[in-house]
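Participant: Okay, handing you the structure first.
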Amino acid sequence: MIRLARLAHFLVAAVAHLALVGCAVDADDPGDDDHEHPLDLVDGRNAAHTLQGLAHAGRWQPSPEILAIGALQAVAYNPAPSWDDGANCSAGATDGAVTLRDHLLGYFPQIASVGIFNCRVIAGTNSMSLHGVGRALDIMIPTAGGDADNDLGDPIAAWLILNAAAIGMQTIIWDHSIWRVTYDPRIHEYTGSNPHVDHLHVEINVDAGNEDPPWFDAPFGPEACAALPAGESIIDNGDDCLRVYGPGQYWRDESAGYGGDLLWTNAFENDTPSNWAEWSLPLEVPGEYELAAHIDPSFGVYQAARYVVAAGGQTHDVVVDQGAASGWVTLGTFRFTGAAGEGVKVFDNAAGPVPSDQHIVVDALRVRPPTATPPAEEPPVDEPEPDQPSPEDPSEQPPEKGTDEDAQAPVDDDDAGGDAAGSYHFEPSVAAQACSSASPASAPTVALLLALIVLGRRRRGR
């Protein structure tokens with residue numbers, strides 16, 4: 001399924017490229033040609049990881065649907081002032097650029113870093129860069145073998161185009177292409193000296209720098225992971241709160257698992273992950289929640305799948321033997337505060353050797369308050385039950401508890417084939433059983449009870 005989607009994307013890009021031949025922008029275009037040392041570079045939350053997607057053939061070319069929506073975005077274009085030996089540089093990044101930067105870092109973990117302000121000219125020109133007035137952002141993306149990683153960078157560029165009017169986005173340069181609100185058509189080939197394969201250079205207008213557009217009052221998207229209620233929630237494939245990363249060719253999509261769809265990839269020995277997934281958990285009500293991952297035994301094979309739970313300002317490593325799992329498997333109970341960044345990640349890498357054909361399943365994650373604990377059994381009493389032998393003789397113990405269906409506590413159907421550690425049950429104490437009888441005891445029974453009491457006293461008196 002994933003490979004077919006990529007083939008379709010490639011064909012669309014190829015057709016669009018043929019249609020735009022001759023629409024190139026040369027190196028004189030006032031884009032960004034020097035992104036080396038922005039003064040206020042801010043790292044993304046995964047700057048220490050090597051995230052990799054896949055480079056697509058040809059330059060960046062959004063889908064026709066995205067371009068059609070982008071063509072309708074009404075955005076004022078505001079160029080940078082004259083250079084004048086740096087006299088017109090601002091004091092730093094605009095408020096709008098900082099807000100947009102923080103928003104992008106929160107939603108796109110593939111971003112290595114973002115830089116904004118740098119008082120300088122565009123390389124090879126005497127024109128001020130919009131970095132000099134704090135209205136340009138360099139969104140750094142790790143390359144894929146020296147080429148632009150389209151799997152990681154294209155979704156960011158697409159979202160910015162779709163929301164250009166709401167944000168005040170006027171220019172995007174990425175992977176040999178430039179999209180600008182003043183062009184017709186709005187996207188062209190970019191032929192500047194810097195091909196922009198390791199970062200997106202994006203520019204906002206003056207209103208956006210001042211945070212005037214309504215978006216800055218209530219930032220949204222992309223694909224916002226809605227807050228999870230206090231009760232039970234299940235995050236499945238395709239939900240906004242689950243995102244997968246890494247080379248697309250190493251993910252396999254199967255019609256199995258919870259909801260009839262799951263992903264799997266191979267485990268391998270490496271210091272850094274290649275393919276991994278993240279469930280975000282923006283809980284409305286802080287507190288303790290039990291987490292369980294759904295495993296399909298047909299595809300979950302690896303015996304040491306590594307999960308990392310971020311909760312309450314701490315991280316917890318959980319290792320799951322997916323080869324021995326089926327259905328819901330408990331990861332544990334954790335206390336969540338509702339802070340940003342709480343969630344669960346599962347990785348494909350291992351520190352030691354990994355046998356061949358070791359699969360890691362990524363399916364649904366269940367979040368719910370902890371299940372009720374079994375009721376405590378009442379302490380034993382001295383008097384044995386009349387119709388049972390004395391507990392002093394272990395060979396005469398009553399049969400295993402649990403045969404009485406009326407006494408067994410109910411078991412949640414969701415746990416029956418998954419993470420239940422075993423059903424529990426209880427029986428009333430001897431005293432409770434005696435008191436629950438509605439019929440009076442017969443005279444022989446009373447006599448037998450008295451005889452047993454007397455015998456017991458004699459034994460204790462020895």
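Numbering starts fresh at 1 for the residues of each chain in the structure tokens, the chains themselves are lettered A, B, ... in the order given, and ligands are numbered from 1 as they appear.
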Pull the helix (DSSP H, G or I) assignments for stretch 111-350 of chain A out of DSSP run on the backbone, and list those residues as a PyMOL selection string.
Facilitator: chain A and resi 130-133+150-162+164-167+206-209+214-216+248-250+258-260+322-324
Participant: I'd like the neighbourhood of A:Ala310 as a PyMOL selection string, where a residue qualifies if any of its atoms comes within 7 Å (using only C-alpha atoms), though same-chain residues fewer than 5 positions away should be ignored.
Facilitator: chain A and resi 315-316+342-344
Participant: Keeping C-alpha atoms for every residue in the selection just given, could you write it to a file as a PDB file, in the first residue's frame?
Facilitator:
ATOM      1  CA  THR A 315      11.059   8.098  30.845  1.00  0.00           C
ATOM      2  CA  HIS A 316      10.486   4.420  31.475  1.00  0.00           C
ATOM      3  CA  GLU A 342       3.981  12.630  27.150  1.00  0.00           C
ATOM      4  CA  GLY A 343       3.481   9.436  25.177  1.00  0.00           C
ATOM      5  CA  VAL A 344       4.937   6.103  24.073  1.00  0.00           C
TER       6      VAL A 344
END
Participant: Give me the residues within 6 Å of stretch 325-331 of chain A as a PyMOL selection string, counting only C-alpha atoms and dropping any in the same chain fewer than 2 places off.
Facilitator: chain A and resi 291-297+322-323+418-419
Participant: Using C-alpha atoms, can you export the residues from the last selection as a PDB file, in the first residue's frame?
Facilitator:
ATOM      1  CA  LEU A 291      -1.105   1.387  28.977  1.00  0.00           C
ATOM      2  CA  ALA A 292      -1.451  -1.693  26.789  1.00  0.00           C
ATOM      3  CA  ALA A 293      -0.163  -2.379  23.271  1.00  0.00           C
ATOM      4  CA  HIS A 294      -2.053  -4.618  20.852  1.00  0.00           C
ATOM      5  CA  ILE A 295       0.110  -7.381  19.358  1.00  0.00           C
ATOM      6  CA  ASP A 296      -0.836  -9.707  16.530  1.00  0.00           C
ATOM      7  CA  PRO A 297       0.995 -13.053  16.919  1.00  0.00           C
ATOM      8  CA  GLN A 322       6.142  -9.732  21.090  1.00  0.00           C
ATOM      9  CA  GLY A 323       6.794 -13.311  20.031  1.00  0.00           C
ATOM     10  CA  GLY A 418      -4.871 -10.264  26.103  1.00  0.00           C
ATOM     11  CA  ASP A 419      -3.133  -8.787  29.076  1.00  0.00           C
TER      12      ASP A 419
END
Participant: Using only C-alpha atoms, determine which residues lie at most 10 Å from A:Leu100, disregarding the query and same-chain residues fewer than 2 positions distant; provide the list as a ChimeraX atom specification.
Facilitator: /A:95-98,102-106,137,167,204,208-209,211,215-216,219
Participant: Keeping only N, CA and C atoms, write those residues as a PDB file, in the first residue's frame.
Facilitator:
ATOM      1  N   ASP A  95       8.097  38.174  16.932  1.00  0.00           N
ATOM      2  CA  ASP A  95       7.280  37.317  17.801  1.00  0.00           C
ATOM      3  C   ASP A  95       6.578  36.235  16.988  1.00  0.00           C
ATOM      4  N   GLY A  96       6.102  36.605  15.792  1.00  0.00           N
ATOM      5  CA  GLY A  96       5.393  35.631  14.974  1.00  0.00           C
ATOM      6  C   GLY A  96       6.289  34.499  14.524  1.00  0.00           C
ATOM      7  N   ALA A  97       7.532  34.809  14.177  1.00  0.00           N
ATOM      8  CA  ALA A  97       8.462  33.764  13.749  1.00  0.00           C
ATOM      9  C   ALA A  97       8.778  32.817  14.901  1.00  0.00           C
ATOM     10  N   VAL A  98       8.908  33.348  16.109  1.00  0.00           N
ATOM     11  CA  VAL A  98       9.184  32.503  17.266  1.00  0.00           C
ATOM     12  C   VAL A  98       7.996  31.591  17.559  1.00  0.00           C
ATOM     13  N   ASP A 102       8.157  27.468  17.368  1.00  0.00           N
ATOM     14  CA  ASP A 102       7.824  26.577  18.481  1.00  0.00           C
ATOM     15  C   ASP A 102       6.698  25.624  18.106  1.00  0.00           C
ATOM     16  N   HIS A 103       5.750  26.117  17.313  1.00  0.00           N
ATOM     17  CA  HIS A 103       4.635  25.272  16.890  1.00  0.00           C
ATOM     18  C   HIS A 103       5.131  24.139  15.978  1.00  0.00           C
ATOM     19  N   LEU A 104       5.987  24.469  15.036  1.00  0.00           N
ATOM     20  CA  LEU A 104       6.508  23.452  14.122  1.00  0.00           C
ATOM     21  C   LEU A 104       7.353  22.423  14.867  1.00  0.00           C
ATOM     22  N   LEU A 105       8.160  22.862  15.811  1.00  0.00           N
ATOM     23  CA  LEU A 105       8.974  21.933  16.585  1.00  0.00           C
ATOM     24  C   LEU A 105       8.108  20.973  17.390  1.00  0.00           C
ATOM     25  N   GLY A 106       6.954  21.438  17.838  1.00  0.00           N
ATOM     26  CA  GLY A 106       6.071  20.591  18.612  1.00  0.00           C
ATOM     27  C   GLY A 106       5.331  19.567  17.781  1.00  0.00           C
ATOM     28  N   LEU A 137      12.633  31.586   8.514  1.00  0.00           N
ATOM     29  CA  LEU A 137      12.988  30.438   9.337  1.00  0.00           C
ATOM     30  C   LEU A 137      13.699  29.404   8.470  1.00  0.00           C
ATOM     31  N   ILE A 167      -1.689  31.792   8.287  1.00  0.00           N
ATOM     32  CA  ILE A 167      -0.451  32.096   9.005  1.00  0.00           C
ATOM     33  C   ILE A 167       0.196  33.383   8.510  1.00  0.00           C
ATOM     34  N   ILE A 204       7.641  34.651   6.376  1.00  0.00           N
ATOM     35  CA  ILE A 204       6.317  35.168   6.728  1.00  0.00           C
ATOM     36  C   ILE A 204       6.287  36.669   6.448  1.00  0.00           C
ATOM     37  N   ALA A 208       2.265  38.662   9.909  1.00  0.00           N
ATOM     38  CA  ALA A 208       2.566  37.431  10.641  1.00  0.00           C
ATOM     39  C   ALA A 208       3.670  37.667  11.662  1.00  0.00           C
ATOM     40  N   GLY A 209       4.670  38.468  11.287  1.00  0.00           N
ATOM     41  CA  GLY A 209       5.731  38.783  12.242  1.00  0.00           C
ATOM     42  C   GLY A 209       5.201  39.471  13.475  1.00  0.00           C
ATOM     43  N   GLU A 211       2.207  38.889  14.624  1.00  0.00           N
ATOM     44  CA  GLU A 211       1.182  37.972  15.145  1.00  0.00           C
ATOM     45  C   GLU A 211      -0.232  38.526  14.967  1.00  0.00           C
ATOM     46  N   TRP A 215      -4.630  33.026  13.256  1.00  0.00           N
ATOM     47  CA  TRP A 215      -3.985  31.769  13.622  1.00  0.00           C
ATOM     48  C   TRP A 215      -3.136  31.905  14.879  1.00  0.00           C
ATOM     49  N   PHE A 216      -2.526  33.060  15.066  1.00  0.00           N
ATOM     50  CA  PHE A 216      -1.627  33.232  16.206  1.00  0.00           C
ATOM     51  C   PHE A 216      -2.396  33.342  17.524  1.00  0.00           C
ATOM     52  N   PRO A 219      -3.381  28.804  17.570  1.00  0.00           N
ATOM     53  CA  PRO A 219      -2.674  27.953  16.598  1.00  0.00           C
ATOM     54  C   PRO A 219      -3.287  26.563  16.516  1.00  0.00           C
TER      55      PRO A 219
END
Participant: Using only C-alpha atoms, which residues sit within 8 Å of A:Val362 once same-chain residues fewer than 5 positions away are excluded, as a list of chain:residue names?
Facilitator: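 The residues that qualify are A:Leu262, A:Leu263, A:Trp264, A:Ala277, A:Ile295, A:Val346.
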Participant: Identify, with DSSP run on backbone atoms, the residues in stretch 315-348 of chain A assigned to strand (DSSP E), and express the list as a list in words.
Facilitator: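 In stretch 315-348 of chain A, DSSP puts these residues in strand (DSSP E): Thr315, His316, Asp317, Val318, Val319, Val320, Gly327, Trp328, Val329, Thr330, Leu331, Gly332, Thr333, Phe334, Arg335, Phe336, Gly343, Val344, Lys345, Val346 and Phe347 of chain A.
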Participant: Would you mind exporting C-alpha atoms of the selected residues as a PDB file, in the first residue's frame?
Facilitator:
ATOM      1  CA  THR A 315      11.059   8.098  30.845  1.00  0.00           C
ATOM      2  CA  HIS A 316      10.486   4.420  31.475  1.00  0.00           C
ATOM      3  CA  ASP A 317      11.977   1.646  29.337  1.00  0.00           C
ATOM      4  CA  VAL A 318       9.667  -1.339  28.841  1.00  0.00           C
ATOM      5  CA  VAL A 319      10.740  -4.487  26.992  1.00  0.00           C
ATOM      6  CA  VAL A 320       8.010  -6.684  25.484  1.00  0.00           C
ATOM      7  CA  GLY A 327      -3.922  -9.256  21.912  1.00  0.00           C
ATOM      8  CA  TRP A 328      -3.549  -6.578  24.581  1.00  0.00           C
ATOM      9  CA  VAL A 329      -0.230  -6.638  26.434  1.00  0.00           C
ATOM     10  CA  THR A 330       0.208  -4.373  29.444  1.00  0.00           C
ATOM     11  CA  LEU A 331       3.133  -1.948  29.391  1.00  0.00           C
ATOM     12  CA  GLY A 332       2.436  -0.830  32.940  1.00  0.00           C
ATOM     13  CA  THR A 333       0.651   1.869  34.920  1.00  0.00           C
ATOM     14  CA  PHE A 334       2.157   5.361  34.866  1.00  0.00           C
ATOM     15  CA  ARG A 335       1.328   8.757  36.339  1.00  0.00           C
ATOM     16  CA  PHE A 336       0.729  11.442  33.706  1.00  0.00           C
ATOM     17  CA  GLY A 343       3.481   9.436  25.177  1.00  0.00           C
ATOM     18  CA  VAL A 344       4.937   6.103  24.073  1.00  0.00           C
ATOM     19  CA  LYS A 345       7.610   5.295  21.494  1.00  0.00           C
ATOM     20  CA  VAL A 346       8.610   1.891  20.121  1.00  0.00           C
ATOM     21  CA  PHE A 347      11.951   1.443  18.361  1.00  0.00           C
TER      22      PHE A 347
END
Participant: Which residue is closest to A:Cys89? Choose from A:Trp159, A:Phe299, A:Tyr107, A:Phe117 and count only C-alpha atoms.
Facilitator: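 Smallest distance to A:Cys89 is found for A:Phe117.
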Participant: Between atom CA of A:His188 and atom CA of A:His176, measure the distance and give it in Å to one decimal.
Facilitator: 8.7 Å
Participant: Taking 3 positions as the minimum chain separation for residues in the same chain, which residues sit within 12 Å of A:Ala68 when counting only C-alpha atoms? Answer as a PyMOL selection string.
Facilitator: chain A and resi 62-65+71-73+158+161-162+184-187
Participant: Can I get the selected residues back with N, CA and C atoms, as a PDB file, in the first residue's frame?
Facilitator:
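New file part.pdb:
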ATOM      1  N   PRO A  62       4.673  19.489  -4.915  1.00  0.00           N
ATOM      2  CA  PRO A  62       3.454  19.114  -4.184  1.00  0.00           C
ATOM      3  C   PRO A  62       2.412  18.521  -5.117  1.00  0.00           C
ATOM      4  N   SER A  63       1.445  17.836  -4.545  1.00  0.00           N
ATOM      5  CA  SER A  63       0.378  17.237  -5.332  1.00  0.00           C
ATOM      6  C   SER A  63      -0.486  18.320  -5.977  1.00  0.00           C
ATOM      7  N   PRO A  64      -1.186  17.995  -7.057  1.00  0.00           N
ATOM      8  CA  PRO A  64      -2.076  18.989  -7.680  1.00  0.00           C
ATOM      9  C   PRO A  64      -3.123  19.532  -6.707  1.00  0.00           C
ATOM     10  N   GLU A  65      -3.591  18.677  -5.782  1.00  0.00           N
ATOM     11  CA  GLU A  65      -4.606  19.145  -4.821  1.00  0.00           C
ATOM     12  C   GLU A  65      -4.024  20.218  -3.907  1.00  0.00           C
ATOM     13  N   ALA A  71      -3.028  27.931  -4.483  1.00  0.00           N
ATOM     14  CA  ALA A  71      -3.277  29.027  -5.420  1.00  0.00           C
ATOM     15  C   ALA A  71      -4.381  29.957  -4.949  1.00  0.00           C
ATOM     16  N   LEU A  72      -5.215  29.490  -4.032  1.00  0.00           N
ATOM     17  CA  LEU A  72      -6.321  30.294  -3.521  1.00  0.00           C
ATOM     18  C   LEU A  72      -5.959  31.079  -2.265  1.00  0.00           C
ATOM     19  N   GLN A  73      -4.744  30.861  -1.762  1.00  0.00           N
ATOM     20  CA  GLN A  73      -4.332  31.532  -0.523  1.00  0.00           C
ATOM     21  C   GLN A  73      -3.993  32.995  -0.813  1.00  0.00           C
ATOM     22  N   ALA A 158       3.961  21.065   2.716  1.00  0.00           N
ATOM     23  CA  ALA A 158       2.556  20.958   2.307  1.00  0.00           C
ATOM     24  C   ALA A 158       1.645  21.647   3.315  1.00  0.00           C
ATOM     25  N   ILE A 161       1.789  25.410   2.956  1.00  0.00           N
ATOM     26  CA  ILE A 161       1.051  25.897   1.792  1.00  0.00           C
ATOM     27  C   ILE A 161      -0.449  25.912   2.072  1.00  0.00           C
ATOM     28  N   LEU A 162      -0.960  24.818   2.625  1.00  0.00           N
ATOM     29  CA  LEU A 162      -2.399  24.715   2.866  1.00  0.00           C
ATOM     30  C   LEU A 162      -2.900  25.767   3.844  1.00  0.00           C
ATOM     31  N   ASP A 184       2.986  33.137 -10.657  1.00  0.00           N
ATOM     32  CA  ASP A 184       1.869  32.496 -11.341  1.00  0.00           C
ATOM     33  C   ASP A 184       2.449  31.607 -12.459  1.00  0.00           C
ATOM     34  N   PRO A 185       2.447  30.292 -12.300  1.00  0.00           N
ATOM     35  CA  PRO A 185       1.998  29.545 -11.123  1.00  0.00           C
ATOM     36  C   PRO A 185       2.914  29.794  -9.930  1.00  0.00           C
ATOM     37  N   ARG A 186       2.439  29.421  -8.785  1.00  0.00           N
ATOM     38  CA  ARG A 186       3.146  29.794  -7.568  1.00  0.00           C
ATOM     39  C   ARG A 186       4.389  28.969  -7.297  1.00  0.00           C
ATOM     40  N   ILE A 187       4.552  27.831  -7.937  1.00  0.00           N
ATOM     41  CA  ILE A 187       5.743  27.024  -7.724  1.00  0.00           C
ATOM     42  C   ILE A 187       6.596  26.992  -8.977  1.00  0.00           C
TER      43      ILE A 187
END
Participant: Give the answer as one residue: which of A:Leu130, A:Val354, A:Ile139, A:Ala76 has the shortest atom-to-atom distance to A:Ala305, using only C-alpha atoms?
Facilitator: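 Counting only C-alpha atoms, the residue closest to A:Ala305 is A:Val354.
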Participant: Could you check which of A:Glu254, A:Asp271, A:Glu232, A:Asp321 is closest to A:Glu284, using only C-alpha atoms?
Facilitator: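 Closest candidate: A:Glu232.
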Participant: In terms of the shortest atom-to-atom distance over only C-alpha atoms, which of A:Gly312, A:Gly221, A:Pro353, A:Gly124 is closest to A:Phe268?
Facilitator: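 Checking each candidate against A:Phe268, we get A:Pro353 as the closest.
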Participant: In Å, rounded to a single decimal, give me how far atom CA of A:Ser233 is from atom CA of A:Ala340.
Facilitator: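 Taking atom CA of A:Ala340 as the start and atom CA of A:Ser233 as the end point, the length is 17.9 Å.
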Participant: Can you tell me how far atom CA of A:Thr171 sits from atom CA of A:Ala74, in Å to one decimal?
Facilitator: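 Computing the Euclidean distance for atom CA of A:Thr171 and atom CA of A:Ala74 yields 12.6 Å.
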Participant: Nearest residue to A:Asp253 out of A:Ala267, A:Ala157, A:Gly338, A:Gly238, using only C-alpha atoms?
Facilitator: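 Of A:Ala267, A:Ala157, A:Gly338, A:Gly238, the one nearest A:Asp253, counting only C-alpha atoms, is A:Gly238.
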Participant: Just checking: using only C-alpha atoms, which residue out of A:Ile141, A:Ala351, A:Ile234, A:Leu152 ends up closest to A:Ser113?
Facilitator: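 Ranking A:Ile141, A:Ala351, A:Ile234, A:Leu152 by distance to A:Ser113, first place goes to A:Ile141.
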